[in-house]
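What follows is the content of run_12.cif (mmCIF, C-alpha atoms).
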```
data_entry
loop_
_atom_site.label_atom_id
_atom_site.label_comp_id
_atom_site.auth_asym_id
_atom_site.auth_seq_id
_atom_site.Cartn_x
_atom_site.Cartn_y
_atom_site.Cartn_z
CA MET B 1 182.86 92.74 131.23
CA GLU B 2 179.91 93.08 133.55
CA ALA B 3 176.80 91.03 132.96
CA GLY B 4 174.37 92.92 130.78
CA GLY B 5 177.04 95.25 129.44
CA SER B 6 177.41 96.09 125.75
CA ASN B 7 179.71 94.07 123.52
CA PRO B 8 182.52 96.37 122.30
CA ASN B 9 183.03 94.13 119.28
CA LEU B 10 179.55 94.95 117.88
CA SER B 11 179.59 97.55 115.12
CA GLN B 12 177.08 100.38 114.99
CA GLN B 13 175.33 98.55 112.11
CA ASP B 14 175.06 95.36 114.19
CA LYS B 15 173.60 97.31 117.06
CA HIS B 16 171.08 98.94 114.73
CA GLN B 17 170.03 95.55 113.34
CA ALA B 18 169.68 94.13 116.86
CA ASP B 19 167.50 97.06 117.91
CA ASN B 20 165.34 96.55 114.82
CA SER B 21 164.94 92.86 115.60
CA ILE B 22 163.76 93.65 119.13
CA ALA B 23 161.32 96.26 117.82
CA MET B 24 159.98 93.85 115.20
CA GLY B 25 159.55 91.17 117.85
CA ASN B 26 157.57 93.52 120.04
CA GLU B 27 155.42 94.56 117.07
CA THR B 28 154.78 90.90 116.19
CA ARG B 29 153.67 90.16 119.76
CA ARG B 30 151.34 93.18 119.74
CA LEU B 31 149.87 92.07 116.40
CA SER B 32 149.40 88.52 117.67
CA ASN B 33 147.65 89.80 120.79
CA SER B 34 145.40 91.99 118.64
CA ILE B 35 144.46 89.04 116.43
CA ILE B 36 143.69 86.87 119.47
CA PHE B 37 141.55 89.63 120.97
CA LEU B 38 139.69 90.05 117.68
CA LEU B 39 139.00 86.32 117.42
CA ILE B 40 137.69 86.23 120.99
CA PHE B 41 135.50 89.26 120.29
CA LEU B 42 134.08 87.72 117.10
CA THR B 43 133.38 84.47 118.93
CA LEU B 44 131.49 86.31 121.65
CA VAL B 45 129.50 88.31 119.09
CA SER B 46 128.69 85.15 117.17
CA SER B 47 127.49 83.32 120.28
CA THR B 48 125.51 86.35 121.44
CA ASN B 49 123.69 86.71 118.12
CA GLY B 50 123.07 82.98 117.73
CA GLY B 51 119.39 82.10 117.63
CA ASP B 52 117.09 79.11 117.98
CA ILE B 53 114.63 77.47 115.64
CA VAL B 54 111.13 76.89 117.02
CA VAL B 55 108.58 74.66 115.30
CA TYR B 56 104.92 73.79 115.79
CA TRP B 57 104.14 70.08 115.84
CA GLY B 58 100.82 68.25 116.08
CA GLN B 59 98.56 69.31 113.24
CA ASN B 60 99.44 66.74 110.59
CA GLU B 61 100.07 63.06 111.29
CA ARG B 62 102.32 62.86 108.19
CA GLU B 63 104.88 65.10 109.93
CA GLY B 64 106.22 62.10 111.84
CA SER B 65 106.52 61.46 115.54
CA LEU B 66 107.69 63.90 118.16
CA THR B 67 110.77 61.73 118.74
CA GLU B 68 111.62 61.87 115.04
CA THR B 69 111.17 65.64 115.12
CA CYS B 70 113.56 66.09 118.02
CA ASN B 71 116.10 63.61 116.65
CA THR B 72 116.66 65.83 113.61
CA GLY B 73 118.71 68.21 115.76
CA LEU B 74 117.09 71.14 113.97
CA TYR B 75 114.95 72.59 116.75
CA GLU B 76 115.54 73.99 120.22
CA ILE B 77 111.85 74.42 121.07
CA VAL B 78 108.84 72.39 119.92
CA ASN B 79 105.31 73.66 120.47
CA ILE B 80 102.68 70.93 120.78
CA ALA B 81 99.62 72.26 118.96
CA PHE B 82 96.95 72.61 120.26
CA LEU B 83 94.88 72.62 123.40
CA SER B 84 92.08 73.89 121.18
CA ILE B 85 89.05 73.64 123.46
CA PHE B 86 88.89 75.46 126.80
CA GLY B 87 87.15 78.20 128.75
CA SER B 88 83.58 79.45 129.16
CA GLY B 89 82.41 76.20 130.71
CA ARG B 90 83.95 73.91 128.08
CA LYS B 91 85.82 70.75 129.02
CA PRO B 92 89.44 71.34 127.88
CA GLN B 93 90.59 69.05 125.10
CA LEU B 94 93.66 68.53 122.94
CA ASN B 95 93.53 68.36 119.16
CA LEU B 96 96.63 66.67 117.76
CA ALA B 97 95.17 65.72 114.38
CA GLY B 98 95.81 62.02 113.73
CA HIS B 99 98.63 61.56 116.23
CA CYS B 100 96.32 60.33 118.99
CA ASP B 101 92.69 60.34 120.10
CA PRO B 102 92.30 62.41 123.27
CA THR B 103 88.84 60.95 123.88
CA SER B 104 90.02 57.32 123.98
CA ASN B 105 90.91 55.45 127.16
CA ASN B 106 94.64 56.11 126.92
CA GLY B 107 94.19 59.43 125.14
CA CYS B 108 97.56 60.87 124.18
CA LYS B 109 99.52 59.50 127.12
CA SER B 110 101.80 57.52 124.82
CA LEU B 111 103.40 60.84 123.85
CA SER B 112 104.99 61.10 127.29
CA ILE B 113 107.86 58.87 126.17
CA ASP B 114 108.52 61.07 123.12
CA ILE B 115 108.37 64.23 125.20
CA LYS B 116 110.83 62.88 127.75
CA ASN B 117 113.21 61.84 124.96
CA CYS B 118 113.09 65.39 123.57
CA GLN B 119 113.66 66.96 126.97
CA LYS B 120 116.67 64.72 127.58
CA LYS B 121 118.19 66.32 124.48
CA GLY B 122 117.69 69.77 126.02
CA ILE B 123 114.74 70.61 123.79
CA LYS B 124 111.92 72.58 125.43
CA ILE B 125 108.44 71.15 124.85
CA ILE B 126 105.72 73.77 125.13
CA LEU B 127 101.93 73.31 125.15
CA SER B 128 100.34 75.70 122.65
CA ILE B 129 96.81 76.76 123.48
CA GLY B 130 94.33 78.22 121.01
CA GLY B 131 94.91 78.03 117.27
CA GLY B 132 92.92 79.29 114.31
CA VAL B 133 89.69 77.34 114.87
CA ASN B 134 86.79 78.41 117.09
CA GLY B 135 86.36 76.38 120.24
CA TYR B 136 87.94 78.44 123.00
CA SER B 137 87.33 81.70 124.83
CA LEU B 138 87.49 83.20 128.31
CA SER B 139 84.45 84.69 130.01
CA SER B 140 85.90 86.19 133.20
CA ASN B 141 88.98 86.44 135.39
CA GLU B 142 87.69 83.50 137.39
CA ASP B 143 87.32 81.51 134.18
CA ALA B 144 90.92 82.40 133.28
CA ARG B 145 92.16 81.23 136.68
CA ASN B 146 90.25 77.95 136.32
CA VAL B 147 91.78 77.33 132.91
CA GLY B 148 95.19 78.17 134.36
CA ASP B 149 94.72 75.70 137.19
CA TYR B 150 93.67 73.01 134.72
CA ILE B 151 96.78 73.55 132.61
CA LEU B 152 99.04 73.58 135.67
CA ASN B 153 97.57 70.39 137.11
CA ASN B 154 97.33 68.48 133.84
CA PHE B 155 100.39 69.51 131.85
CA LEU B 156 102.85 71.18 134.21
CA GLY B 157 104.02 70.45 137.74
CA GLY B 158 100.63 70.08 139.41
CA THR B 159 98.74 66.92 140.22
CA SER B 160 95.80 65.38 138.42
CA LYS B 161 94.55 61.85 137.79
CA SER B 162 93.63 62.67 134.22
CA ARG B 163 96.82 64.10 132.74
CA PRO B 164 96.25 63.90 128.94
CA LEU B 165 99.97 63.47 128.15
CA GLY B 166 100.76 61.22 131.08
CA ASP B 167 103.12 62.02 133.94
CA VAL B 168 105.48 64.15 131.87
CA VAL B 169 105.96 67.79 132.91
CA LEU B 170 106.03 70.21 129.99
CA ASP B 171 108.29 73.26 129.92
CA GLY B 172 105.70 75.96 129.42
CA VAL B 173 102.61 77.34 127.71
CA ASP B 174 102.32 79.11 124.37
CA PHE B 175 99.49 81.57 123.71
CA ASP B 176 98.40 81.26 120.07
CA ILE B 177 95.15 83.16 120.49
CA GLU B 178 93.63 83.96 117.10
CA VAL B 179 89.85 83.62 117.59
CA GLY B 180 87.29 83.47 120.37
CA GLY B 181 86.39 86.12 122.90
CA GLY B 182 87.46 87.40 126.27
CA GLU B 183 90.77 88.85 125.14
CA VAL B 184 90.96 91.04 128.25
CA PHE B 185 91.13 87.94 130.46
CA TYR B 186 94.24 86.36 128.95
CA SER B 187 96.38 88.63 131.11
CA GLU B 188 94.83 86.94 134.15
CA LEU B 189 95.60 83.52 132.65
CA ALA B 190 99.23 84.57 132.19
CA ARG B 191 99.42 85.77 135.78
CA ARG B 192 97.93 82.52 137.07
CA LEU B 193 100.43 80.41 135.17
CA SER B 194 103.35 82.59 136.24
CA GLN B 195 102.44 82.09 139.91
CA HIS B 196 103.26 78.39 139.69
CA ARG B 197 106.14 77.45 141.96
CA GLY B 198 107.13 73.95 140.93
CA THR B 199 110.45 72.18 140.54
CA LYS B 200 111.09 73.75 137.13
CA LYS B 201 110.49 77.09 135.46
CA VAL B 202 107.28 77.55 133.46
CA TYR B 203 108.08 79.39 130.24
CA LEU B 204 105.39 81.65 128.85
CA THR B 205 105.45 82.25 125.11
CA ALA B 206 103.11 83.83 122.57
CA ALA B 207 102.51 83.90 118.81
CA PRO B 208 100.88 87.25 118.02
CA GLN B 209 100.01 88.43 114.51
CA CYS B 210 102.41 91.09 113.25
CA PRO B 211 99.97 94.08 113.17
CA PHE B 212 100.84 95.96 116.37
CA PRO B 213 99.35 95.61 118.87
CA ASP B 214 97.86 92.16 118.41
CA GLN B 215 94.16 92.51 119.19
CA HIS B 216 93.88 89.15 120.93
CA LEU B 217 97.11 89.26 122.95
CA LYS B 218 97.83 92.92 123.69
CA GLY B 219 96.52 92.62 127.26
CA ALA B 220 98.48 89.47 128.05
CA LEU B 221 101.70 90.79 126.51
CA SER B 222 101.40 94.04 128.46
CA THR B 223 101.93 92.08 131.71
CA GLY B 224 105.64 91.65 130.98
CA LEU B 225 105.42 88.01 132.08
CA PHE B 226 106.35 86.38 128.79
CA ASP B 227 109.78 84.92 128.08
CA TYR B 228 109.61 84.48 124.31
CA VAL B 229 107.40 85.97 121.60
CA TRP B 230 107.39 84.62 118.03
CA VAL B 231 105.60 87.13 115.84
CA GLN B 232 103.71 85.77 112.83
CA PHE B 233 105.10 87.84 109.96
CA TYR B 234 102.81 86.15 107.44
CA ASN B 235 99.13 86.17 106.45
CA ASN B 236 99.20 89.90 107.20
CA GLY B 237 99.82 92.15 104.19
CA PRO B 238 100.65 95.37 106.06
CA CYS B 239 103.57 93.87 107.98
CA GLN B 240 104.52 90.49 106.53
CA ILE B 241 107.92 89.80 105.00
CA GLU B 242 108.10 90.41 101.26
CA ALA B 243 111.37 90.37 99.35
CA SER B 244 110.19 93.22 97.12
CA ASN B 245 109.34 95.48 100.05
CA LEU B 246 111.12 94.79 103.32
CA ASN B 247 110.39 98.24 104.77
CA LYS B 248 106.99 97.33 106.19
CA PHE B 249 108.40 94.24 107.90
CA GLN B 250 111.35 96.17 109.28
CA LYS B 251 109.08 98.87 110.64
CA SER B 252 106.89 96.26 112.32
CA TRP B 253 109.90 94.40 113.77
CA ASN B 254 111.30 97.59 115.24
CA GLN B 255 107.95 98.34 116.86
CA TRP B 256 107.78 94.91 118.45
CA VAL B 257 111.33 94.85 119.83
CA SER B 258 111.13 98.42 121.14
CA THR B 259 107.74 98.12 122.83
CA ILE B 260 107.19 94.64 124.23
CA LYS B 261 108.85 93.74 127.53
CA VAL B 262 110.15 90.26 126.73
CA SER B 263 113.49 88.45 126.75
CA LYS B 264 113.50 87.24 123.16
CA ILE B 265 111.52 87.95 119.99
CA TYR B 266 111.51 85.55 117.05
CA VAL B 267 110.73 85.97 113.35
CA GLY B 268 107.75 83.76 112.52
CA VAL B 269 107.57 82.45 108.94
CA PRO B 270 105.81 79.61 107.09
CA ALA B 271 108.10 76.71 106.21
CA SER B 272 106.55 76.13 102.81
CA PRO B 273 105.13 78.21 99.94
CA SER B 274 102.07 75.95 99.89
CA ALA B 275 98.76 77.77 100.39
CA ALA B 276 97.86 75.06 102.88
CA THR B 277 100.69 76.33 105.10
CA ALA B 278 100.01 80.05 104.80
CA SER B 279 97.96 82.17 102.42
CA SER B 280 100.75 84.72 102.05
CA GLY B 281 104.11 85.73 103.45
CA TYR B 282 106.36 82.83 102.46
CA VAL B 283 110.02 83.91 102.43
CA PRO B 284 112.55 81.98 100.32
CA THR B 285 115.41 80.76 102.50
CA GLN B 286 118.04 82.81 100.65
CA VAL B 287 116.03 85.98 101.23
CA LEU B 288 115.71 85.16 104.92
CA ILE B 289 119.44 84.47 105.19
CA SER B 290 120.71 87.43 103.17
CA LYS B 291 118.17 90.16 103.96
CA VAL B 292 116.05 89.35 107.01
CA LEU B 293 118.45 87.76 109.50
CA PRO B 294 121.22 90.38 109.19
CA PHE B 295 118.63 93.05 110.00
CA VAL B 296 116.92 91.36 112.98
CA LYS B 297 120.22 90.25 114.51
CA ARG B 298 121.00 93.89 115.26
CA SER B 299 118.53 93.70 118.14
CA ARG B 300 119.58 92.35 121.52
CA LYS B 301 116.11 90.81 121.75
CA TYR B 302 116.64 88.65 118.67
CA GLY B 303 115.82 85.05 119.59
CA GLY B 304 115.71 83.14 116.31
CA VAL B 305 113.14 81.86 113.83
CA MET B 306 109.73 80.24 114.39
CA LEU B 307 108.40 77.91 111.72
CA TRP B 308 104.85 76.87 110.93
CA ASP B 309 104.88 73.93 110.89
CA ARG B 310 106.81 70.66 111.22
CA PHE B 311 105.01 68.97 108.30
CA ALA B 312 105.77 71.87 105.95
CA ASP B 313 109.37 71.95 107.17
CA LYS B 314 109.77 68.20 106.68
CA GLN B 315 108.55 68.53 103.09
CA ASN B 316 110.51 71.67 102.23
CA GLY B 317 113.70 71.40 104.32
CA TYR B 318 113.45 75.02 105.42
CA SER B 319 115.09 74.65 108.83
CA ARG B 320 117.92 72.57 107.37
CA ASP B 321 118.73 75.34 104.89
CA ILE B 322 118.73 78.17 107.45
CA LYS B 323 120.12 76.38 110.53
CA ALA B 324 123.72 77.58 110.14
CA SER B 325 122.60 81.18 109.67
CA VAL B 326 120.04 81.50 112.46
#
```

If you convert what's in this file into structure tokens, what do you get?
Amino acid sequence: MEAGGSNPNLSQQDKHQADNSIAMGNETRRLSNSIIFLLIFLTLVSSTNGGDIVVYWGQNEREGSLTETCNTGLYEIVNIAFLSIFGSGRKPQLNLAGHCDPTSNNGCKSLSIDIKNCQKKGIKIILSIGGGVNGYSLSSNEDARNVGDYILNNFLGGTSKSRPLGDVVLDGVDFDIEVGGGEVFYSELARRLSQHRGTKKVYLTAAPQCPFPDQHLKGALSTGLFDYVWVQFYNNGPCQIEASNLNKFQKSWNQWVSTIKVSKIYVGVPASPSAATASSGYVPTQVLISKVLPFVKRSRKYGGVMLWDRFADKQNGYSRDIKASV
């Protein structure tokens, strides 16, 4: 009998069973390959749609230190709030509530150790400029460039003898422009900051109000220079998130993601129902997880969730409850 020849002792039934076994084996292999492919696909989709949690820190000394904030493992980006005085001839100044006194001899330089600890963990530390209190404005393009140079030399990769946070180099600048004047000049400030060519990238971020376009930031955002935008979907009735009527939020979200040239857009929400955190727009975590996140994750621009602020989050545990779903 030649190698590979048929066995004459096998009955027709045996041959039929053998053929069936081979066919079943092939089908099992195809099914296994399909399952493996599906698992790989789901893993890729999951990693693609995964988002970050961003938090604002600096406006309540009871929120704990920056090191404590970063050690929680809850946040990928922390915005230091705020550089609240600048522009129109003013001497720029930080306001970090009770964390440090920027007018003292050492100012807030002790924070450099905390910032470096956070950065070693891969957490981006961003300087947020502006805020909700009067004390800043821009008067001209030249004024915007001067403010940009100050920020570059004192907080980023430039050189200055009076760096308020010490020798640490922050990862970027956040525009939280809610008051003041000179809105048309913030585009020039963004351009000035984007021209920096240091040893590390300068991230530009912004926190516009949800009514589109944001009246204070529409010029700056039209430059296309921003990396991340976290839209404040609270304190604004026409577009804030409300469990009883998600349509207005969804309409606003779609307008933001389809219009603004930016890498990632985040859903901004208050971390506590307290009126001290936000006057309106608090979203219970289960509503965010079950109704908001599944909707916003459909967009390729989805970046994650921004929380105001660390103190509210520490009290309420908002980020802890949503972390696995973001």

Explicit residues for the PyMOL selection byres ((chain B and resi 107-109) around 10) (as a PDB file with C-alpha atoms, in the frame of the given file):
```pdb
ATOM      1  CA  LEU B  94      93.660  68.530 122.940  1.00  0.00           C
ATOM      2  CA  ASN B  95      93.530  68.360 119.160  1.00  0.00           C
ATOM      3  CA  LEU B  96      96.630  66.670 117.760  1.00  0.00           C
ATOM      4  CA  HIS B  99      98.630  61.560 116.230  1.00  0.00           C
ATOM      5  CA  CYS B 100      96.320  60.330 118.990  1.00  0.00           C
ATOM      6  CA  ASP B 101      92.690  60.340 120.100  1.00  0.00           C
ATOM      7  CA  PRO B 102      92.300  62.410 123.270  1.00  0.00           C
ATOM      8  CA  THR B 103      88.840  60.950 123.880  1.00  0.00           C
ATOM      9  CA  SER B 104      90.020  57.320 123.980  1.00  0.00           C
ATOM     10  CA  ASN B 105      90.910  55.450 127.160  1.00  0.00           C
ATOM     11  CA  ASN B 106      94.640  56.110 126.920  1.00  0.00           C
ATOM     12  CA  SER B 110     101.800  57.520 124.820  1.00  0.00           C
ATOM     13  CA  LEU B 111     103.400  60.840 123.850  1.00  0.00           C
ATOM     14  CA  SER B 112     104.990  61.100 127.290  1.00  0.00           C
ATOM     15  CA  ILE B 113     107.860  58.870 126.170  1.00  0.00           C
ATOM     16  CA  ASP B 114     108.520  61.070 123.120  1.00  0.00           C
ATOM     17  CA  SER B 162      93.630  62.670 134.220  1.00  0.00           C
ATOM     18  CA  ARG B 163      96.820  64.100 132.740  1.00  0.00           C
ATOM     19  CA  PRO B 164      96.250  63.900 128.940  1.00  0.00           C
ATOM     20  CA  LEU B 165      99.970  63.470 128.150  1.00  0.00           C
ATOM     21  CA  GLY B 166     100.760  61.220 131.080  1.00  0.00           C
ATOM     22  CA  ASP B 167     103.120  62.020 133.940  1.00  0.00           C
ATOM     23  CA  VAL B 168     105.480  64.150 131.870  1.00  0.00           C
TER      24      VAL B 168
END
```

Convert the output of the PyMOL selection byres ((chain B and resi 142) around 12) on the shown file into explicit residues, formatted as a PyMOL selection string. chain B and resi 87-89+138-141+143-149+182+185-189+192

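Distances here use only C-alpha atoms; by that measure, the residue among B:Arg191, B:Arg298, B:His196, B:Arg310 closest to Leu152 in chain B is B:His196.
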
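We find CA of Gln195 in chain B and CA of Gln232 in chain B to be spaced 27.4 Å apart.
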
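For Thr67 in chain B, the set of protein, DNA and RNA residues having any atom at most 12 Å away, when counting all atoms listed in the file and skipping those fewer than 6 positions along the same chain, is Trp57, Gly73, Tyr75, Val78, Ser110, Leu111, Ser112, Ile113, Asp114, Ile115, Lys116, Asn117, Cys118, Gln119, Lys120, Lys121, Ile123 and Ile125 of chain B.
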
Can you pull out every residue within 10 Å of Gln59 in chain B, counting all atoms listed in the file, but drop anything in the same chain fewer than 3 positions away, and send it as a PDB file with C-alpha atoms, in the coordinates of the input?
```pdb
ATOM      1  CA  TYR B  56     104.920  73.790 115.790  1.00  0.00           C
ATOM      2  CA  ARG B  62     102.320  62.860 108.190  1.00  0.00           C
ATOM      3  CA  GLU B  63     104.880  65.100 109.930  1.00  0.00           C
ATOM      4  CA  ILE B  80     102.680  70.930 120.780  1.00  0.00           C
ATOM      5  CA  ALA B  81      99.620  72.260 118.960  1.00  0.00           C
ATOM      6  CA  PHE B  82      96.950  72.610 120.260  1.00  0.00           C
ATOM      7  CA  ASN B  95      93.530  68.360 119.160  1.00  0.00           C
ATOM      8  CA  LEU B  96      96.630  66.670 117.760  1.00  0.00           C
ATOM      9  CA  ALA B  97      95.170  65.720 114.380  1.00  0.00           C
ATOM     10  CA  GLY B  98      95.810  62.020 113.730  1.00  0.00           C
ATOM     11  CA  HIS B  99      98.630  61.560 116.230  1.00  0.00           C
ATOM     12  CA  ASP B 309     104.880  73.930 110.890  1.00  0.00           C
ATOM     13  CA  ARG B 310     106.810  70.660 111.220  1.00  0.00           C
ATOM     14  CA  PHE B 311     105.010  68.970 108.300  1.00  0.00           C
TER      15      PHE B 311
END
```

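Shortest atom-to-atom contact with Asp321 in chain B among B:Leu83, B:Val287, B:Ala276, B:Leu225: B:Val287, counting all atoms listed in the file.
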
One decimal, Å: what's the distance from CA of Ser252 in chain B over to CA of Gly172 in chain B, could you say? 26.6 Å

What separation in Å, quoted to one decimal, exists between CA of Glu68 in chain B and CA of Asp313 in chain B? 13.0 Å

The PyMOL selection byres ((chain B and resi 305) around 10) resolved against shown file, as a short mmCIF file (atom, residue, chain, number, x, y, z; two decimals) with C-alpha atoms, in the frame of the given file:
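Below is the file that was written, out-v8.cif:
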```cif
data_model
loop_
_atom_site.label_atom_id
_atom_site.label_comp_id
_atom_site.auth_asym_id
_atom_site.auth_seq_id
_atom_site.Cartn_x
_atom_site.Cartn_y
_atom_site.Cartn_z
CA GLY B 51 119.39 82.10 117.63
CA ASP B 52 117.09 79.11 117.98
CA ILE B 53 114.63 77.47 115.64
CA VAL B 54 111.13 76.89 117.02
CA VAL B 55 108.58 74.66 115.30
CA TYR B 75 114.95 72.59 116.75
CA TRP B 230 107.39 84.62 118.03
CA VAL B 231 105.60 87.13 115.84
CA ILE B 265 111.52 87.95 119.99
CA TYR B 266 111.51 85.55 117.05
CA VAL B 267 110.73 85.97 113.35
CA GLY B 268 107.75 83.76 112.52
CA VAL B 269 107.57 82.45 108.94
CA LEU B 288 115.71 85.16 104.92
CA LEU B 293 118.45 87.76 109.50
CA TYR B 302 116.64 88.65 118.67
CA GLY B 303 115.82 85.05 119.59
CA GLY B 304 115.71 83.14 116.31
CA MET B 306 109.73 80.24 114.39
CA LEU B 307 108.40 77.91 111.72
CA SER B 319 115.09 74.65 108.83
CA ILE B 322 118.73 78.17 107.45
CA LYS B 323 120.12 76.38 110.53
CA VAL B 326 120.04 81.50 112.46
#
```

Distance query Ser84 in chain B at most 7 Å, only C-alpha atoms, self and fewer than 3 positions along chain excluded, as number ranges by chain: B: 93-95, 129-131, 135-136

Contacts of range 204-210 of chain B at 9 Å (all atoms listed in the file; same-chain gap of 2+ positions) as a PyMOL selection string: chain B and resi 126+128+171-178+190+193-194+202+212-218+221+225-236+238-240+249+252-253+256+268

Taking the point (103.9, 67.5, 131.1) as given in the file, collect each protein or nucleic acid residue that comes within 6 Å of it, counting all atoms listed in the file, and present the set as JSON, numbers by chain. {"B": [155, 156, 168, 169, 170]}

Residue neighbourhood Ala312 in chain B, 7 Å, only C-alpha atoms, exclusion window fewer than 6 positions, as a list in words: Ala271, Ser272 and Thr277 of chain B

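Distance check against Asn60 in chain B using only C-alpha atoms: of B:Ile260, B:Glu242, B:Lys314, B:Lys248, the minimum falls on B:Lys314.
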
Could you write range 167-179 of chain B of the block just shown to a file containing N, CA and C atoms, as a tab-separated table (two decimals), in the first residue's frame?
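So the final result, stored in out03.tsv, reads:
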```tsv
chain	number	residue	atom	x	y	z
B	167	ASP	N	11.62	75.87	39.46
B	167	ASP	CA	12.27	75.51	38.19
B	167	ASP	C	11.50	74.49	37.38
B	168	VAL	N	10.36	74.04	37.88
B	168	VAL	CA	9.59	73.02	37.18
B	168	VAL	C	9.03	73.58	35.86
B	169	VAL	N	8.93	72.72	34.85
B	169	VAL	CA	8.37	73.10	33.56
B	169	VAL	C	7.00	72.44	33.41
B	170	LEU	N	5.97	73.25	33.35
B	170	LEU	CA	4.61	72.72	33.21
B	170	LEU	C	4.38	72.17	31.80
B	171	ASP	N	3.27	71.46	31.64
B	171	ASP	CA	3.01	70.79	30.36
B	171	ASP	C	2.17	71.60	29.39
B	172	GLY	N	1.58	72.70	29.87
B	172	GLY	CA	0.78	73.49	28.95
B	172	GLY	C	0.00	74.58	29.64
B	173	VAL	N	-0.91	75.19	28.87
B	173	VAL	CA	-1.70	76.32	29.35
B	173	VAL	C	-3.16	76.09	29.00
B	174	ASP	N	-4.01	76.31	30.00
B	174	ASP	CA	-5.46	76.15	29.84
B	174	ASP	C	-6.11	77.53	29.83
B	175	PHE	N	-6.97	77.78	28.85
B	175	PHE	CA	-7.69	79.04	28.74
B	175	PHE	C	-9.07	78.88	29.36
B	176	ASP	N	-9.23	79.39	30.59
B	176	ASP	CA	-10.56	79.40	31.22
B	176	ASP	C	-11.01	80.85	31.31
B	177	ILE	N	-11.33	81.41	30.17
B	177	ILE	CA	-11.64	82.84	30.06
B	177	ILE	C	-13.15	83.02	30.18
B	178	GLU	N	-13.56	83.62	31.30
B	178	GLU	CA	-14.99	83.77	31.58
B	178	GLU	C	-15.41	85.23	31.79
B	179	VAL	N	-14.45	86.11	32.06
B	179	VAL	CA	-14.76	87.52	32.28
B	179	VAL	C	-13.70	88.36	31.58
```
